[in-house]
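Participant: As input, take final.tsv (TSV, C-alpha atoms):
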```tsv
chain	number	residue	atom	x	y	z
A	1	MET	CA	18.31	-14.84	-76.80
A	2	THR	CA	20.11	-11.74	-75.51
A	3	GLY	CA	18.71	-9.29	-72.97
A	4	VAL	CA	18.19	-6.73	-75.72
A	5	ALA	CA	16.21	-9.24	-77.84
A	6	VAL	CA	14.07	-10.21	-74.82
A	7	ASP	CA	13.48	-6.54	-74.05
A	8	GLN	CA	12.32	-5.82	-77.60
A	9	SER	CA	10.13	-8.95	-77.76
A	10	VAL	CA	8.41	-8.06	-74.49
A	11	LEU	CA	7.91	-4.44	-75.60
A	12	ASP	CA	6.43	-5.63	-78.91
A	13	TRP	CA	4.05	-7.94	-77.04
A	14	MET	CA	3.00	-5.12	-74.68
A	15	LEU	CA	2.28	-2.89	-77.68
A	16	ASP	CA	0.09	-5.66	-79.16
A	17	VAL	CA	-2.04	-6.00	-76.00
A	18	ARG	CA	-2.50	-2.27	-75.33
A	19	THR	CA	-6.05	-1.05	-74.94
A	20	PRO	CA	-7.32	2.31	-73.65
A	21	TRP	CA	-8.82	0.85	-70.45
A	22	LEU	CA	-5.70	-1.21	-69.68
A	23	THR	CA	-3.53	1.86	-70.28
A	24	ASP	CA	-5.67	3.81	-67.78
A	25	VAL	CA	-5.29	1.03	-65.20
A	26	PHE	CA	-1.52	0.88	-65.65
A	27	MET	CA	-1.24	4.69	-65.45
A	28	VAL	CA	-2.90	4.61	-62.02
A	29	ILE	CA	-0.69	1.73	-60.91
A	30	THR	CA	2.50	3.40	-62.14
A	31	HIS	CA	1.66	6.65	-60.33
A	32	SER	CA	1.03	4.71	-57.11
A	33	GLY	CA	4.65	3.58	-57.26
A	34	GLY	CA	6.20	6.95	-58.05
A	35	THR	CA	8.54	9.03	-55.93
A	36	LEU	CA	5.77	11.13	-54.36
A	37	ALA	CA	3.67	8.09	-53.42
A	38	ALA	CA	6.69	6.24	-52.01
A	39	PHE	CA	7.71	9.33	-50.02
A	40	VAL	CA	4.21	9.75	-48.56
A	41	ILE	CA	3.88	6.05	-47.67
A	42	SER	CA	7.35	6.02	-46.12
A	43	ALA	CA	6.83	9.24	-44.16
A	44	VAL	CA	3.43	8.21	-42.79
A	45	THR	CA	4.76	4.77	-41.86
A	46	THR	CA	7.86	6.24	-40.20
A	47	ILE	CA	5.80	8.70	-38.16
A	48	ALA	CA	3.32	5.98	-37.15
A	49	LEU	CA	6.18	3.72	-36.04
A	50	LEU	CA	7.82	6.53	-34.06
A	51	THR	CA	4.56	7.31	-32.25
A	52	ARG	CA	4.38	3.63	-31.28
A	53	ARG	CA	7.99	3.74	-30.06
A	54	ARG	CA	9.11	1.33	-32.79
A	55	THR	CA	12.32	3.28	-33.42
A	56	ALA	CA	14.27	0.47	-35.10
A	57	GLU	CA	11.47	-0.13	-37.58
A	58	ALA	CA	11.10	3.62	-38.24
A	59	VAL	CA	14.84	3.89	-38.95
A	60	LEU	CA	14.56	0.84	-41.22
A	61	VAL	CA	11.79	2.36	-43.34
A	62	ALA	CA	13.21	5.89	-43.52
A	63	GLY	CA	16.84	4.85	-43.88
A	64	ALA	CA	16.27	2.20	-46.53
A	65	MET	CA	14.04	4.46	-48.61
A	66	LEU	CA	16.21	7.58	-48.46
A	67	SER	CA	19.49	5.78	-49.07
A	68	GLY	CA	17.79	3.56	-51.68
A	69	TRP	CA	16.68	6.62	-53.61
A	70	ALA	CA	20.27	7.94	-53.59
A	71	MET	CA	21.64	4.53	-54.67
A	72	MET	CA	19.06	4.26	-57.47
A	73	SER	CA	19.99	7.72	-58.75
A	74	LEU	CA	23.69	6.79	-58.68
A	75	LEU	CA	23.04	3.53	-60.55
A	76	LYS	CA	21.02	5.32	-63.25
A	77	HIS	CA	23.90	7.72	-63.90
A	78	LEU	CA	26.45	4.92	-63.78
A	79	PHE	CA	24.68	2.80	-66.41
A	80	ALA	CA	23.18	5.71	-68.43
A	81	ARG	CA	20.89	3.42	-70.42
A	82	GLU	CA	18.38	5.02	-72.76
A	83	ARG	CA	14.68	4.35	-72.36
A	84	PRO	CA	12.48	2.64	-74.96
A	85	PRO	CA	11.80	4.82	-78.01
A	86	LEU	CA	9.26	7.62	-77.84
A	87	PRO	CA	6.63	6.36	-80.25
A	88	ALA	CA	6.03	3.41	-77.91
A	89	ARG	CA	6.60	5.32	-74.65
A	90	LEU	CA	3.40	6.64	-73.09
A	91	ILE	CA	5.17	8.67	-70.39
A	92	ASP	CA	7.55	11.55	-71.04
A	93	LEU	CA	10.71	11.09	-68.95
A	94	ASP	CA	14.10	12.75	-68.98
A	95	SER	CA	16.08	10.38	-66.77
A	96	TYR	CA	17.94	7.19	-67.58
A	97	SER	CA	16.27	3.82	-67.75
A	98	PHE	CA	18.45	1.32	-65.85
A	99	PRO	CA	17.52	0.30	-63.23
A	100	SER	CA	13.82	1.11	-63.01
A	101	GLY	CA	13.44	3.50	-60.09
A	102	HIS	CA	9.78	2.56	-59.66
A	103	ALA	CA	10.65	-1.15	-59.48
A	104	MET	CA	13.62	-0.59	-57.18
A	105	MET	CA	11.88	1.76	-54.78
A	106	THR	CA	8.67	-0.29	-54.56
A	107	ALA	CA	10.76	-3.42	-53.97
A	108	ILE	CA	12.59	-1.65	-51.14
A	109	LEU	CA	9.30	-0.35	-49.75
A	110	ALA	CA	7.58	-3.74	-49.99
A	111	CYS	CA	10.50	-5.53	-48.32
A	112	VAL	CA	10.94	-3.10	-45.42
A	113	LEU	CA	7.19	-2.88	-44.85
A	114	GLY	CA	7.14	-6.68	-45.01
A	115	ALA	CA	9.81	-6.78	-42.30
A	116	VAL	CA	7.73	-4.37	-40.20
A	117	VAL	CA	4.64	-6.53	-40.72
A	118	VAL	CA	6.55	-9.65	-39.63
A	119	ARG	CA	7.79	-7.85	-36.51
A	120	THR	CA	4.48	-6.21	-35.55
A	121	VAL	CA	1.56	-8.29	-36.87
A	122	ALA	CA	0.69	-11.59	-35.21
A	123	PRO	CA	1.16	-14.70	-37.38
A	124	GLY	CA	-1.93	-15.69	-39.30
A	125	THR	CA	-4.07	-14.85	-42.29
A	126	ARG	CA	-3.80	-11.07	-41.82
A	127	ARG	CA	0.01	-11.16	-41.87
A	128	ILE	CA	0.06	-13.42	-44.93
A	129	GLY	CA	-2.48	-11.21	-46.69
A	130	LEU	CA	-0.42	-8.08	-46.06
A	131	LEU	CA	2.77	-9.75	-47.32
A	132	VAL	CA	1.03	-11.00	-50.48
A	133	LEU	CA	-0.43	-7.54	-51.05
A	134	LEU	CA	3.03	-5.95	-50.79
A	135	GLY	CA	4.45	-8.44	-53.30
A	136	CYS	CA	1.57	-7.88	-55.73
A	137	TYR	CA	1.99	-4.11	-55.41
A	138	THR	CA	5.65	-4.07	-56.45
A	139	PHE	CA	4.97	-6.62	-59.21
A	140	ALA	CA	2.10	-4.54	-60.64
A	141	VAL	CA	4.16	-1.33	-60.54
A	142	GLY	CA	7.04	-3.02	-62.35
A	143	ILE	CA	4.80	-4.49	-65.04
A	144	SER	CA	3.13	-1.09	-65.50
A	145	ARG	CA	6.53	0.42	-66.31
A	146	VAL	CA	7.10	-2.10	-69.10
A	147	TYR	CA	3.52	-1.81	-70.41
A	148	LEU	CA	3.82	1.98	-70.63
A	149	ALA	CA	7.26	1.58	-72.28
A	150	ALA	CA	8.87	3.71	-69.60
A	151	HIS	CA	11.37	0.86	-69.13
A	152	TRP	CA	12.71	-2.26	-70.74
A	153	LEU	CA	11.92	-5.54	-68.96
A	154	THR	CA	15.56	-5.91	-67.87
A	155	ASP	CA	15.40	-2.44	-66.23
A	156	VAL	CA	12.49	-3.64	-64.10
A	157	LEU	CA	14.09	-6.99	-63.26
A	158	ALA	CA	17.28	-5.20	-62.21
A	159	GLY	CA	15.26	-2.66	-60.20
A	160	TRP	CA	13.56	-5.47	-58.29
A	161	ALA	CA	16.89	-7.25	-57.70
A	162	PHE	CA	18.69	-4.09	-56.52
A	163	GLY	CA	15.68	-3.13	-54.37
A	164	VAL	CA	15.43	-6.51	-52.65
A	165	ALA	CA	19.20	-6.57	-52.06
A	166	TRP	CA	19.22	-3.01	-50.67
A	167	ALA	CA	16.26	-3.69	-48.38
A	168	GLY	CA	17.83	-6.98	-47.28
A	169	LEU	CA	21.02	-5.16	-46.33
A	170	TRP	CA	19.02	-2.65	-44.26
A	171	ILE	CA	16.89	-5.33	-42.62
A	172	TRP	CA	20.03	-7.28	-41.70
A	173	ALA	CA	21.81	-4.17	-40.33
A	174	ILE	CA	18.82	-3.02	-38.25
A	175	SER	CA	18.27	-6.56	-36.92
A	176	ARG	CA	21.93	-6.77	-35.84
A	177	ALA	CA	21.81	-3.34	-34.21
A	178	LYS	CA	18.57	-4.20	-32.42
A	179	ALA	CA	19.99	-7.53	-31.20
A	180	ARG	CA	23.12	-5.76	-29.91
A	181	THR	CA	21.01	-3.18	-28.09
A	182	THR	CA	18.83	-5.89	-26.54
A	183	ARG	CA	21.91	-7.83	-25.37
A	184	SER	CA	23.51	-4.75	-23.80
A	185	GLU	CA	20.25	-3.80	-22.03
A	186	SER	CA	19.92	-7.28	-20.50
A	187	VAL	CA	23.44	-7.18	-19.04
```
Show me this structure written as structure tokens.

Facilitator:
Amino acid sequence: MTGVAVDQSVLDWMLDVRTPWLTDVFMVITHSGGTLAAFVISAVTTIALLTRRRTAEAVLVAGAMLSGWAMMSLLKHLFARERPPLPARLIDLDSYSFPSGHAMMTAILACVLGAVVVRTVAPGTRRIGLLVLLGCYTFAVGISRVYLAAHWLTDVLAGWAFGVAWAGLWIWAISRAKARTTRSESV
């Protein structure tokens, strides 16, 4: 089965399970993963990290999110894929579909916040709970995009993949820079 056939099958299934209350729930979830929400969460986190003198982590969050947004915009224009058709789509959008910006940006956010949690929260149930919550958040936002027919399933899967890869690159780069700084300070 091709990606296009899978996309259409999943969209058809989502249309079959739609109910008014589920649509309301997914609307709230999708808005929680939008550009404004991601910006606010990133900005508040960055400021909180800076006030705690966690500069590397603040740069990680701000840098990954800002550059990730630019990369996502570039990818959308590069692929120029159309969104699902309007009769099924419950959200009016004028941008391209691939990759899902909501999925990509929430994946970046979840990964970099996960890295911050690992670096700042003691091992235990609280850390595990926060990491699970971050994973569930990006999953729910991605599924909401398919349910609302704002994206095809493959847009969301690609958004998650690009987001995890982008965040991983930033986490790796910040970890290397931090290790180099620590080595030079101990000399």

Participant: Calculate how many Å separate atom CA of Val6 of chain A from atom CA of Ser97 of chain A, rounding to one decimal.

Facilitator: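 Separation of atom CA of Val6 of chain A and atom CA of Ser97 of chain A: 15.9 Å.
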
Participant: Between A:Leu169, A:Leu90, A:Val132, A:Ala37, which has the minimum distance to Ala64 of chain A (counting all atoms listed in the file)?

Facilitator: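 Using all atoms listed in the file, the shortest distance to Ala64 of chain A belongs to A:Leu169.
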
Participant: For a test of reading the model, state the distance in Å between atom CA of Ala158 of chain A and atom CA of Met104 of chain A, rounded to one decimal.

Facilitator: 7.7 Å

Participant: If you count only C-alpha atoms, which residues fall within 9 Å of Thr23 of chain A, apart from same-chain ones fewer than 2 positions away, as a compact mmCIF listing (two decimals) with C-alpha atoms, keeping the file's coordinate frame?

Facilitator:
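Output saved as selection22.txt:
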```
# COMPACT_ATOMS: atom_id res chain seq x y z
CA ARG A 18 -2.50 -2.27 -75.33
CA THR A 19 -6.05 -1.05 -74.94
CA PRO A 20 -7.32 2.31 -73.65
CA TRP A 21 -8.82 0.85 -70.45
CA VAL A 25 -5.29 1.03 -65.20
CA PHE A 26 -1.52 0.88 -65.65
CA MET A 27 -1.24 4.69 -65.45
CA VAL A 28 -2.90 4.61 -62.02
CA LEU A 90 3.40 6.64 -73.09
CA SER A 144 3.13 -1.09 -65.50
CA TYR A 147 3.52 -1.81 -70.41
CA LEU A 148 3.82 1.98 -70.63
```

Participant: Just the number, please: distance in Å from atom CA of Gly163 of chain A to atom CA of Pro87 of chain A, one decimal.

Facilitator: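 So the two atoms, atom CA of Gly163 of chain A and atom CA of Pro87 of chain A, lie 29.0 Å apart.
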
Participant: Considering all atoms listed in the file, can you say which of A:Leu22, A:Leu11, A:Leu78, A:Val164 comes closest to Gly114 of chain A?

Facilitator: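 Counting all atoms listed in the file, the residue closest to Gly114 of chain A is A:Val164.
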
Participant: Please provide the set of residues having any atom within 12 Å of Val118 of chain A, restricted to all atoms listed in the file, with same-chain residues fewer than 4 positions apart removed, written as a ChimeraX atom specification.

Facilitator: /A:57,110-114,122-124,126-131,171

Participant: Only C-alpha atoms, please: the residues just picked out, written as a PDB file, keeping the file's coordinate frame.

Facilitator:
```pdb
ATOM      1  CA  GLU A  57      11.470  -0.130 -37.580  1.00  0.00           C
ATOM      2  CA  ALA A 110       7.580  -3.740 -49.990  1.00  0.00           C
ATOM      3  CA  CYS A 111      10.500  -5.530 -48.320  1.00  0.00           C
ATOM      4  CA  VAL A 112      10.940  -3.100 -45.420  1.00  0.00           C
ATOM      5  CA  LEU A 113       7.190  -2.880 -44.850  1.00  0.00           C
ATOM      6  CA  GLY A 114       7.140  -6.680 -45.010  1.00  0.00           C
ATOM      7  CA  ALA A 122       0.690 -11.590 -35.210  1.00  0.00           C
ATOM      8  CA  PRO A 123       1.160 -14.700 -37.380  1.00  0.00           C
ATOM      9  CA  GLY A 124      -1.930 -15.690 -39.300  1.00  0.00           C
ATOM     10  CA  ARG A 126      -3.800 -11.070 -41.820  1.00  0.00           C
ATOM     11  CA  ARG A 127       0.010 -11.160 -41.870  1.00  0.00           C
ATOM     12  CA  ILE A 128       0.060 -13.420 -44.930  1.00  0.00           C
ATOM     13  CA  GLY A 129      -2.480 -11.210 -46.690  1.00  0.00           C
ATOM     14  CA  LEU A 130      -0.420  -8.080 -46.060  1.00  0.00           C
ATOM     15  CA  LEU A 131       2.770  -9.750 -47.320  1.00  0.00           C
ATOM     16  CA  ILE A 171      16.890  -5.330 -42.620  1.00  0.00           C
TER      17      ILE A 171
END
```

Participant: Let me make sure I understand: among A:Thr106, A:Ser100, A:Ser9, A:Thr125, which one has the smallest atom-to-atom distance to Ala140 of chain A if we use only C-alpha atoms?

Facilitator: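 The answer is A:Thr106, which sits nearest to Ala140 of chain A.
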
Participant: For Ala149 of chain A, find every residue with an atom within 10 Å (counting all atoms listed in the file), except residues of its own chain fewer than 3 positions away, and show them as a PyMOL selection string.

Facilitator: chain A and resi 10-12+14-15+83-91+143-146+152-153

Participant: Let me make sure I understand: among A:Gly159, A:Gly68, A:Gly142, A:Gly168, which one has the smallest atom-to-atom distance to Phe39 of chain A if we use all atoms listed in the file?

Facilitator: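 Distance minimum relative to Phe39 of chain A lands on A:Gly68.
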
Participant: Listed atoms of segment 20-32 of chain A, axis-aligned box, 4 Å per side: centre and edge lengths to one decimal in Å, as lines of an AutoDock Vina configuration file?

Facilitator:
```
center_x = -3.2
center_y = 2.7
center_z = -65.4
size_x = 19.3
size_y = 15.9
size_z = 24.5
```

Participant: Using all atoms listed in the file, find the one residue out of A:Arg119, A:His77, A:His151, A:His31 that sits nearest to Arg54 of chain A.

Facilitator: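 When distances to Arg54 of chain A are compared using all atoms listed in the file, the smallest one comes from A:Arg119.
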
Participant: So that I can see what lies close to Arg81 of chain A, please list as a list in words the residues with an atom at most 6 Å from it, counting only C-alpha atoms and leaving out residues fewer than 2 positions away in the same chain.

Facilitator: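 With the cut-off at 6 Å, the set is Phe79, Tyr96, Ser97 and Phe98 of chain A.
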
Participant: Using all atoms listed in the file for the distances, tell me which of A:Asp24, A:Trp166, A:Val116, A:Asp7 is nearest to Trp69 of chain A.

Facilitator: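 Smallest distance to Trp69 of chain A is found for A:Trp166.
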
Participant: Quick one: residues within 12 Å of Val40 of chain A, all atoms listed in the file counted, chain neighbours fewer than 5 positions away excluded, as a PyMOL selection string?

Facilitator: chain A and resi 32-35+45-47+61-62+65+109

Participant: Generate the coordinates of N, CA and C atoms for segment 62-89 of chain A; report them as a CSV table (one decimal), in the frame of the given file.

Facilitator:
```csv
chain,number,residue,atom,x,y,z
A,62,ALA,N,12.7,4.6,-43.0
A,62,ALA,CA,13.2,5.9,-43.5
A,62,ALA,C,14.6,5.7,-44.1
A,63,GLY,N,15.5,5.0,-43.4
A,63,GLY,CA,16.8,4.8,-43.9
A,63,GLY,C,16.9,4.1,-45.2
A,64,ALA,N,16.2,3.0,-45.3
A,64,ALA,CA,16.3,2.2,-46.5
A,64,ALA,C,15.7,3.0,-47.7
A,65,MET,N,14.6,3.7,-47.5
A,65,MET,CA,14.0,4.5,-48.6
A,65,MET,C,14.9,5.6,-49.0
A,66,LEU,N,15.4,6.4,-48.1
A,66,LEU,CA,16.2,7.6,-48.5
A,66,LEU,C,17.5,7.2,-49.1
A,67,SER,N,18.2,6.2,-48.5
A,67,SER,CA,19.5,5.8,-49.1
A,67,SER,C,19.3,5.0,-50.4
A,68,GLY,N,18.1,4.3,-50.5
A,68,GLY,CA,17.8,3.6,-51.7
A,68,GLY,C,17.6,4.5,-52.8
A,69,TRP,N,16.9,5.6,-52.6
A,69,TRP,CA,16.7,6.6,-53.6
A,69,TRP,C,18.0,7.2,-54.1
A,70,ALA,N,18.9,7.4,-53.2
A,70,ALA,CA,20.3,7.9,-53.6
A,70,ALA,C,21.0,6.9,-54.4
A,71,MET,N,21.0,5.6,-54.0
A,71,MET,CA,21.6,4.5,-54.7
A,71,MET,C,21.0,4.3,-56.1
A,72,MET,N,19.7,4.4,-56.2
A,72,MET,CA,19.1,4.3,-57.5
A,72,MET,C,19.5,5.4,-58.4
A,73,SER,N,19.6,6.6,-57.9
A,73,SER,CA,20.0,7.7,-58.8
A,73,SER,C,21.4,7.5,-59.2
A,74,LEU,N,22.3,7.1,-58.3
A,74,LEU,CA,23.7,6.8,-58.7
A,74,LEU,C,23.8,5.7,-59.7
A,75,LEU,N,23.0,4.6,-59.6
A,75,LEU,CA,23.0,3.5,-60.6
A,75,LEU,C,22.6,4.0,-61.9
A,76,LYS,N,21.5,4.8,-62.0
A,76,LYS,CA,21.0,5.3,-63.2
A,76,LYS,C,22.1,6.1,-64.0
A,77,HIS,N,22.8,6.9,-63.3
A,77,HIS,CA,23.9,7.7,-63.9
A,77,HIS,C,25.1,6.9,-64.3
A,78,LEU,N,25.4,5.8,-63.5
A,78,LEU,CA,26.4,4.9,-63.8
A,78,LEU,C,26.2,4.1,-65.1
A,79,PHE,N,25.0,3.6,-65.2
A,79,PHE,CA,24.7,2.8,-66.4
A,79,PHE,C,24.2,3.6,-67.6
A,80,ALA,N,23.6,4.8,-67.4
A,80,ALA,CA,23.2,5.7,-68.4
A,80,ALA,C,22.5,5.0,-69.6
A,81,ARG,N,21.6,4.1,-69.4
A,81,ARG,CA,20.9,3.4,-70.4
A,81,ARG,C,19.7,4.2,-70.9
A,82,GLU,N,19.5,4.3,-72.2
A,82,GLU,CA,18.4,5.0,-72.8
A,82,GLU,C,17.1,4.2,-72.6
A,83,ARG,N,16.0,5.0,-72.5
A,83,ARG,CA,14.7,4.4,-72.4
A,83,ARG,C,14.2,3.8,-73.7
A,84,PRO,N,13.1,3.1,-73.7
A,84,PRO,CA,12.5,2.6,-75.0
A,84,PRO,C,12.1,3.9,-75.8
A,85,PRO,N,12.0,3.7,-77.1
A,85,PRO,CA,11.8,4.8,-78.0
A,85,PRO,C,10.5,5.5,-77.8
A,86,LEU,N,10.4,6.8,-78.1
A,86,LEU,CA,9.3,7.6,-77.8
A,86,LEU,C,8.0,7.2,-78.5
A,87,PRO,N,7.9,6.7,-79.7
A,87,PRO,CA,6.6,6.4,-80.2
A,87,PRO,C,5.9,5.3,-79.4
A,88,ALA,N,6.6,4.4,-78.8
A,88,ALA,CA,6.0,3.4,-77.9
A,88,ALA,C,5.8,3.9,-76.5
A,89,ARG,N,6.6,4.8,-76.0
A,89,ARG,CA,6.6,5.3,-74.6
A,89,ARG,C,5.4,6.2,-74.4
```
